[in-house]
Structure formats: structure tokens, C-alpha cells
Amino acid sequence: MTNNIVQIDNLSFGYKGRLLHKGINMVFPRGKVVAIMGGSGSGKTTLLRLIGGQIKPTKGEVRVGGEIVHKQDRDGIFKLRRQMGMLFQHGALFTDLSVFDNVAFPMRELTDLPASMIRDLVLMKLNAVGLRGAHALMPTELSGGMARRVALARAIALDPAIIMYDEPFAGLDPISMGVVCELIRSLNDALGATSIIVSHDVKETFLIADYVYFVADGVVAAEGTPDDLMQSTLPFVHQFVHGEKDGPVPFHYPAANYQTELLNQASVR
Amino acid sequence: MIKSNLLIGITRILTGIGHRMIERIWRLGAGARLFFLTIIYSGESFKRFHLTLREIYFTGVMSLLIVIVSAFFVGMVLALQGYNTLQKYGSSEAIGVLVALSLVRELGPVVTALLFAGRAGTAITAEIGLMKTTEQLSAMEMMAVNPIARVIAPRFWAGVISMPILAALFSMVGILGGYLVAVPLIGVDDGAFWSQMQANVDFRLDIVNGVIKSLVFGVACTMIALFEGYDAPPTAEGVSRATTRTVVISSLTVLALDFVLTSFMIVI
């Protein structure tokens with residue numbers, strides 16, 4: 001059995017004639033927390049969707065547990081997804097179900113466990129994210145941070161081998177951010193899972209990740225441990241890690257000459 | 001120069017028409033695909049019939065008030081207008097038949113379907129569209145739960161089951177409204193009102209055909225609402241446009257289908 005639970009080989013993906021990824025190679029070893037970082041629109045979330053089999057690559061392949069994802073039929077993909085848990089950017093909680101029912105949802109849908117056991121498991125998962133006391137609340141009654149934690153409890157409901165996080169820190173206050181950060185690492189280690197984090201929050205991600213990939217212009221621009229990347233002299237990595245305004249990633253979106261455009265009334269309406 | 005500009009203009013118009021036609025055909029195909037997938041995965045959803053029952057409550061029971069109130073007024077207006085015309089020919093006792101046949105054959109199924117599209121159809125589209133926008137359907141897929149079996153199929157069957165029941169209630173309440181205007185208010189003979197109705201309304205030709213119509217409208221309205229929600233772009237504007245399209249397309253489809261079905265039923 002290979003040590004890499006997920007492997008991406010020479011992956012290209014694009015739509016409407018534009019390539020978003022141009023030959024990406026990544027490996028995700030079992031038990032590790034691996035981060036995929038990059039600017040907005042660099043195709044980080046798309047990589048998660050490719051791993052989950054929601055979209056098919058234009059070229060190359062994604063292997064999960066040794067199986068090529070896009071060559072599976074619907075049943076095969078569903079079988080692979082049962083090994084995965086995913087935390088969506090805004091939680092994606094089912095708004096017509098309570099916190100308890102949200103966490104119980106995958107158990108009720110995918111297993112034949114008796115109601116009493118589901119009850120105990122749900123309370124254990126909620127306890128792990130510190131929200132056992134909120135089990136009766138509806139998603140609309142939760143703060144952003146609480147919703148993210150409930151979604152995390154739901155993502156780990158069936159003890160998945162792979163947990164994917166799509167921007168887990170986006171829009172959270174510093175306390176919630178710290179809590180989610182700590183939870184990702186501790187749950188990964190407690191479950192013996194592999195975590196794939198897609199994020200552009202450098203501080204939090206570097207705190208918990210074992211290995212980091214930087215994606216830019218459709219390729220892996222840099223990779224290494226957080227310490228390696230902090231010391232990196234590559235201009236893109238340096239700009240990103242230190243949050244510099246200008247650098248290889250320009251401040252301005254490509255545009256015509258400023259002076260020409262201001263003087264030419266017809267060019268912009 | 002003018003000639004080439006004209007040619008460019010005509011080409012643009014034709015290209016636009018072509019694009020729109022291709023888009024319409026594509027949507028028709030996607031809608032048919034969703035319909036067949038819904039039928040295929042219905043077995044899975046029937047295993048947990050409580051999901052369908054829950055949707056029957058939201059689409060059917062919650063539409064009861066608007067259907068009953070509308071039916072009452074429609075029946076009363078029918079009786080008033082019918083009496084006004086029939087008395088000129090000295091056949092005001094036939095008012096019961098006129099009200100009953102109008103409701104059972106046409107107004108019951110058609111007006112119920114139009115009300116259903118406005119009340120339940122828009123709610124279905126908005127709900128599914130928002131589930132898509134907030135990634136709830138994606139989350140379900142990533143959990144290896146089929147959203148068509150879990151979300152679409154129960155709502156589809158709820159609509160198909162609810163529509164004939166709502167149409168039957170519409171006809172019943174409409175007849176009651178017509179009775180209240182015709183008998184106590186205008187003074188048409190009570191016995192004549194009911195006996196004429198009993199003698200002239202045929203179970204097979206009138207009532208069964210009305211039920212068939214409402215079943216077909218149920219399939220059409222619910223499927224249009226579900227497809228529009230499922231296919232909506234995941235933005236606020238996308239969901240709002242989809243909701244509007246549900247009402248417009250459902251209403252036109254119901255009226256067109258009514259003509260087709262009526263022509264077949266009259267030939268039979």
C-alpha cells in the first residue's frame with residue numbers, strides 16, 4: 001500500500017478554452033496536514049473538486065487510495081467519497097435541519113446504525129468541536145465560527161480517511177480562527193486522517209500544515225515545509241508569505257495605459 | 001460601407017437567434033434528463049416516504065388556503081355570470097350543471113395549476129436554487145448522497161400527488177360557492193340545482209378527465225419548478241430569474257397542455 005492517499009499526476013484542467021491548471025503534480029501522504037495555497041482565482045478550490053470527482057480533468061489524473069477518480073462510474077465515485085469529508089467555505093449546513101440533524105445526516109443516509117447509536121455518535125462529534133450544548137439550534141441561530149465547527153463535526157461524522165477544508169479560516173474572528181485551527185490539527189491526529197487545506201491565510205495555515213504547495217499561473221510555483229517557505233527567496237512566495245502589495249503578482253489588473261485611457265473618453269463608458 | 005454594416009447587423013441578429021435556440025434546446029434536453037433521473041431514483045426516495053410526506057405538507061397543505069379562497073370566489077362569479085346568461089333563455093335551473101362542468105372539466109385543474117405554480121412552484125425553485133447557491137447540494141454530493149434521490153424526487157412526487165387533490169378540493173369548494181350565490185342569494189330551486197348537476201355530470205368523461213388533466217399539470221408544474229431551481233446560476237440574480245421563469249413557463253405550459261388534452265378528450 002502506497003503511503004500517499006491522494007496523488008495528483010500531471011493534471012491539467014480548463015474550461016471555455018482557458019487552462020486553469022497546467023500540469024500539476026502533488027502528493028498527500030497519509031496522516032499529514034497538507035495545504036494548497038495561492039491567490040484568489042488560482043484554482044485551489046477546483047483542485048478539491050477534482051479530488052472529490054465533482055469535475056473531470058482535461059489531462060492527467062487524480063488518484064485517491066490508488067483509484068483513478070475520473071475513471072470511476074457514479075457508484076465508484078460515491079464509494080471513494082465515503083472515505084472523504086469536506087468542510088465547505090461557508091459550512092453548507094442544511095438550513096432546514098437542526099445542528100444535531102445536520103451532523104446525523106451522513107450517518108442516517110449512509111449507514112444502518114440504530115437511532116440510539118447515532119445519537120451518541122452525534123453528541124461525541126459535537127463535543128469534539130465544543131458545540132454539544134448547541135445541538136438543538138438551527139443553522140440560522142449560529143455565528144459564522146459556530147457554523148464552521150458544526151460543518152466540521154458533520155465532515156468527520158463517519159471518521160473519513162481524508163478531510164478536505166475549503167478556506168476554513170475565511171471570515172472568522174481571531175478567536176474562532178484559533179479554535180478552528182487547533183481543531184483541524186487535533187482532529188487530524190486523533191482520527192489518523194489526512195487533511196487537505198485550501199487557504200490563503202498564511203499565519204494559520206503555516207501553524208498547522210506539515211507541507212505546503214503554492215499554486216500560481218496554473219502550476220505548482222513552490223512547495224516545502226512552512227519553515228522552508230518562510231525562508232524562501234522566490235519572489236512570488238516572498239510576496240505572498242509576507243503580504244506585500246506589489247511584486248510578481250501586480251497590484252493592478254492588466255489595463256491600457258492610464259493616461260491614454262483618461263484622455264480617451266470613448267474607451268470606458 | 002453601409003452594405004457591410006448592414007450585413008454585420010443581420011449576422012449578429014441571426015447569431016443571437018441561433019444562440020437562443022441552441023440554449024432553449026439544451027435546456028429542454030437538460031430538463032428531460034433531470035425528469036428521467038428523477039424517475040430512476042424515485043425508488044430510493046420511496047424507501048423513505050416520510051421525506052415525500054413532509055414535502056406534501058409544504059407544497060400541498062400549505063397551498064390549501066389560497067386554493068380554497070380562490071375556488072370560493074371563482075364559483076360565486078361563475079354562478080353570477082351563468083345565471084345572468086341562462087335566465088335570458090329561461091334555463092336558470094341549469095346553473096348547477098354550468099358551474100359544476102366548468103369547474104370539474106376546466107377551471108378546477110387549470111386555475112389550481114396556475115395557483116400551484118405561483119405558490120408552491122416558486123417556493124420549490126427558490127429553495128432548490130438557494131440550496132445550490134449555499135453549496136448544500138454540493139455538500140450532499142460530497143457525502144456520497146444523491147441529491148436527486150434525496151431532494152428532487154420527494155418534491156416531485158409531492159407535487160404530483162398534491163395537484164389532483166387540490167384540484168378536486170377547488171372544484172368542491174367552487175361548487176359550494178356557486179350554490180351559495182345561486183340558491184340562497186338568487187333564489188334558484190335547491191332541488192333543480194343539485195339534480196341537474198347529478199344528471200349531467202359524467203364520472204368518466206368529466207371527473208376522471210379532470211383528474212387526468214390535474215395529474216399532467218402536476219408533473220409539468222413540479223418538474224419545471226425543480227429544473228429551474230436545479231439549473232439556476234448560483235447567484236441572487238440567478239435564483240430570482242429562475243423563480244420568475246418558473247411562473248411564466250409553468251403558466252404557459254399549463255394553458256398549452258390544457259388545449260392539447262381537451263382536444264384529445266373531446267375526440268374520445
# chains A, B, ... in the order shown; residues from 1 in each chain; ligands from 1

call {"tool": "closest_atom_pairs", "arguments": {"of": "chain B", "to": "chain A", "cutoff": "8 Å", "atoms": "only C-alpha atoms", "output": "CSV"}}
result
residue,atom,partner,partner_atom,distance
B:Met131,CA,A:Phe94,CA,7.9
B:Thr134,CA,A:Ala92,CA,5.7
B:Glu135,CA,A:Ala92,CA,5.3
B:Gln136,CA,A:Ala92,CA,4.9
B:Ala139,CA,A:Ala92,CA,6.5
B:Met142,CA,A:Arg81,CA,6.1
B:Met143,CA,A:Arg81,CA,6.3
B:Ala144,CA,A:Phe78,CA,4.6
B:Val145,CA,A:Glu109,CA,7.0

call {"tool": "write_last_selection", "arguments": {"atoms": "N, CA and C atoms", "output": "mmCIF file, in the first residue's frame"}}
result
data_model
loop_
_atom_site.group_PDB
_atom_site.id
_atom_site.type_symbol
_atom_site.label_atom_id
_atom_site.label_comp_id
_atom_site.auth_asym_id
_atom_site.auth_seq_id
_atom_site.Cartn_x
_atom_site.Cartn_y
_atom_site.Cartn_z
ATOM 1 N N MET B 131 -30.333 26.269 -2.146
ATOM 2 C CA MET B 131 -29.532 25.120 -1.704
ATOM 3 C C MET B 131 -28.291 24.989 -2.579
ATOM 4 N N THR B 134 -25.848 28.006 -1.759
ATOM 5 C CA THR B 134 -25.128 27.853 -0.488
ATOM 6 C C THR B 134 -24.382 26.515 -0.404
ATOM 7 N N GLU B 135 -24.192 25.891 -1.539
ATOM 8 C CA GLU B 135 -23.396 24.652 -1.671
ATOM 9 C C GLU B 135 -23.975 23.460 -0.924
ATOM 10 N N GLN B 136 -25.271 23.525 -0.554
ATOM 11 C CA GLN B 136 -25.854 22.398 0.173
ATOM 12 C C GLN B 136 -25.955 21.159 -0.724
ATOM 13 N N ALA B 139 -22.510 19.752 -1.037
ATOM 14 C CA ALA B 139 -22.148 19.069 0.215
ATOM 15 C C ALA B 139 -22.756 17.669 0.232
ATOM 16 N N MET B 142 -20.820 15.449 -2.054
ATOM 17 C CA MET B 142 -19.522 15.079 -1.485
ATOM 18 C C MET B 142 -19.667 14.082 -0.337
ATOM 19 N N MET B 143 -20.894 13.979 0.215
ATOM 20 C CA MET B 143 -21.136 12.985 1.268
ATOM 21 C C MET B 143 -21.594 11.666 0.665
ATOM 22 N N ALA B 144 -21.533 11.562 -0.678
ATOM 23 C CA ALA B 144 -21.997 10.370 -1.389
ATOM 24 C C ALA B 144 -23.502 10.179 -1.240
ATOM 25 N N VAL B 145 -24.219 11.283 -1.079
ATOM 26 C CA VAL B 145 -25.689 11.229 -1.033
ATOM 27 C C VAL B 145 -26.196 11.848 -2.336
#

call {"tool": "residues_around", "arguments": {"residues": "Phe259 (chain B)", "least_positions_apart": "6", "cutoff": "12 Å", "atoms": "only C-alpha atoms", "output": "CSV table (one decimal) with C-alpha atoms, in the first residue's frame"}}
result
chain,number,residue,atom,x,y,z
B,105,ARG,CA,-63.5,20.0,-16.6
B,106,GLU,CA,-61.6,23.2,-16.9
B,110,VAL,CA,-56.2,24.9,-14.7
B,213,LYS,CA,-55.5,16.9,-16.5
B,252,LEU,CA,-47.9,28.9,-20.4
B,253,THR,CA,-47.3,25.2,-20.3
B,265,MET,CA,-60.6,14.2,-24.5
B,266,ILE,CA,-63.3,15.7,-26.7

call {"tool": "select_by_dssp", "arguments": {"residues": "region 89-188 of chain A", "states": "helix (DSSP H, G or I)", "output": "ChimeraX atom specification"}}
result
/A:99-110,115-128,132-134,139-141,144-155,174-188

call {"tool": "closest_residue", "arguments": {"among": "B:Ala94, B:Leu53, B:Cys221, B:Val151", "to": "Gly191 (chain B)", "atoms": "only C-alpha atoms"}}
result
B:Ala94

call {"tool": "closest_residue", "arguments": {"among": "A:Ala136, A:Arg108, A:Val103, A:Pro254", "to": "Val122 (chain A)", "atoms": "only C-alpha atoms"}}
result
A:Val103

call {"tool": "closest_residue", "arguments": {"among": "B:Val67, B:Gly177, B:Val208, B:His19", "to": "Gly118 (chain B)", "atoms": "only C-alpha atoms"}}
result
B:Val67

call {"tool": "atom_distance", "arguments": {"atom1": "CA of Met107 (chain A)", "atom2": "CA of Ala157 (chain A)"}}
result
7.0 Å

call {"tool": "residues_around", "arguments": {"residues": "Met138 (chain A)", "least_positions_apart": "4", "cutoff": "9 Å", "atoms": "only C-alpha atoms", "output": "list in words"}}
result
Thr95, Asp96, Leu97, Ser98, Val99, Phe100, Ala134 and Leu142 of chain A

call {"tool": "residues_around", "arguments": {"residues": "region 81-83 of chain B", "least_positions_apart": "3", "cutoff": "9 Å", "atoms": "only C-alpha atoms", "output": "JSON, numbers by chain"}}
result
{"B": [76, 77, 78, 86, 87, 88, 91, 92, 93, 94, 95, 98, 99, 182, 186]}

call {"tool": "residues_around", "arguments": {"residues": "Val202 (chain A)", "least_positions_apart": "2", "cutoff": "12 Å", "atoms": "only C-alpha atoms", "output": "VMD selection string"}}
result
chain A and resid 35 to 39 167 169 to 170 181 197 to 200 204 to 209 212 to 214 226 to 227 229 to 230 237 to 243

call {"tool": "write_last_selection", "arguments": {"atoms": "C-alpha atoms", "output": "PDB file, in the first residue's frame"}}
result
ATOM      1  CA  ALA A  35      -2.010  22.870   2.463  1.00  0.00           C
ATOM      2  CA  ILE A  36      -2.643  24.208  -1.020  1.00  0.00           C
ATOM      3  CA  MET A  37      -2.099  27.953  -1.115  1.00  0.00           C
ATOM      4  CA  GLY A  38      -2.297  30.602  -3.767  1.00  0.00           C
ATOM      5  CA  GLY A  39      -4.029  33.796  -4.727  1.00  0.00           C
ATOM      6  CA  GLU A 167     -10.936  28.186   3.076  1.00  0.00           C
ATOM      7  CA  PHE A 169     -10.445  30.425   8.163  1.00  0.00           C
ATOM      8  CA  ALA A 170     -12.165  32.847   5.794  1.00  0.00           C
ATOM      9  CA  CYS A 181      -7.025  25.979  13.516  1.00  0.00           C
ATOM     10  CA  ILE A 197      -6.407  22.559   3.427  1.00  0.00           C
ATOM     11  CA  VAL A 198      -7.093  25.103   0.726  1.00  0.00           C
ATOM     12  CA  SER A 199      -6.411  28.542   2.130  1.00  0.00           C
ATOM     13  CA  HIS A 200      -4.761  31.883   1.630  1.00  0.00           C
ATOM     14  CA  GLU A 204      -2.911  29.925  10.495  1.00  0.00           C
ATOM     15  CA  THR A 205      -2.084  27.509   7.698  1.00  0.00           C
ATOM     16  CA  PHE A 206       1.658  27.557   8.397  1.00  0.00           C
ATOM     17  CA  LEU A 207       0.916  26.892  12.055  1.00  0.00           C
ATOM     18  CA  ILE A 208      -0.715  23.503  11.410  1.00  0.00           C
ATOM     19  CA  ALA A 209       0.468  22.310   7.982  1.00  0.00           C
ATOM     20  CA  VAL A 212       2.575  23.368   1.658  1.00  0.00           C
ATOM     21  CA  TYR A 213       2.068  23.691  -2.090  1.00  0.00           C
ATOM     22  CA  PHE A 214       1.891  27.137  -3.689  1.00  0.00           C
ATOM     23  CA  PRO A 226       6.221  26.032   6.291  1.00  0.00           C
ATOM     24  CA  ASP A 227       9.734  26.810   7.619  1.00  0.00           C
ATOM     25  CA  LEU A 229       8.708  28.608   2.582  1.00  0.00           C
ATOM     26  CA  MET A 230       9.124  31.308   5.216  1.00  0.00           C
ATOM     27  CA  VAL A 237       6.414  33.124  -2.366  1.00  0.00           C
ATOM     28  CA  HIS A 238       8.114  36.033  -0.637  1.00  0.00           C
ATOM     29  CA  GLN A 239       5.383  38.450  -1.742  1.00  0.00           C
ATOM     30  CA  PHE A 240       2.595  36.052  -0.712  1.00  0.00           C
ATOM     31  CA  VAL A 241       4.021  34.959   2.643  1.00  0.00           C
ATOM     32  CA  HIS A 242       4.849  38.499   3.720  1.00  0.00           C
ATOM     33  CA  GLY A 243       1.700  40.020   2.278  1.00  0.00           C
TER      34      GLY A 243
END

call {"tool": "closest_residue", "arguments": {"among": "A:Gly14, A:Gly43, A:Gly31, A:Pro114", "to": "Lys56 (chain A)", "atoms": "only C-alpha atoms"}}
result
A:Gly14

call {"tool": "atom_distance", "arguments": {"atom1": "CA of Asp189 (chain A)", "atom2": "CA of Ala161 (chain A)"}}
result
11.3 Å

call {"tool": "residues_around", "arguments": {"residues": "Arg119 (chain A)", "least_positions_apart": "4", "cutoff": "8 Å", "atoms": "only C-alpha atoms", "output": "ChimeraX atom specification"}}
result
/A:104,115,123

call {"tool": "select_by_dssp", "arguments": {"residues": "region 155-192 of chain A", "states": "strand (DSSP E or B)", "output": "ChimeraX atom specification"}}
result
/A:162-166

call {"tool": "closest_residue", "arguments": {"among": "B:Leu107, B:Ile148, B:Ile40, B:Val97", "to": "Gly174 (chain B)", "atoms": "only C-alpha atoms"}}
result
B:Leu107

call {"tool": "atom_distance", "arguments": {"atom1": "CA of Gly129 (chain B)", "atom2": "CA of Thr222 (chain B)"}}
result
14.2 Å
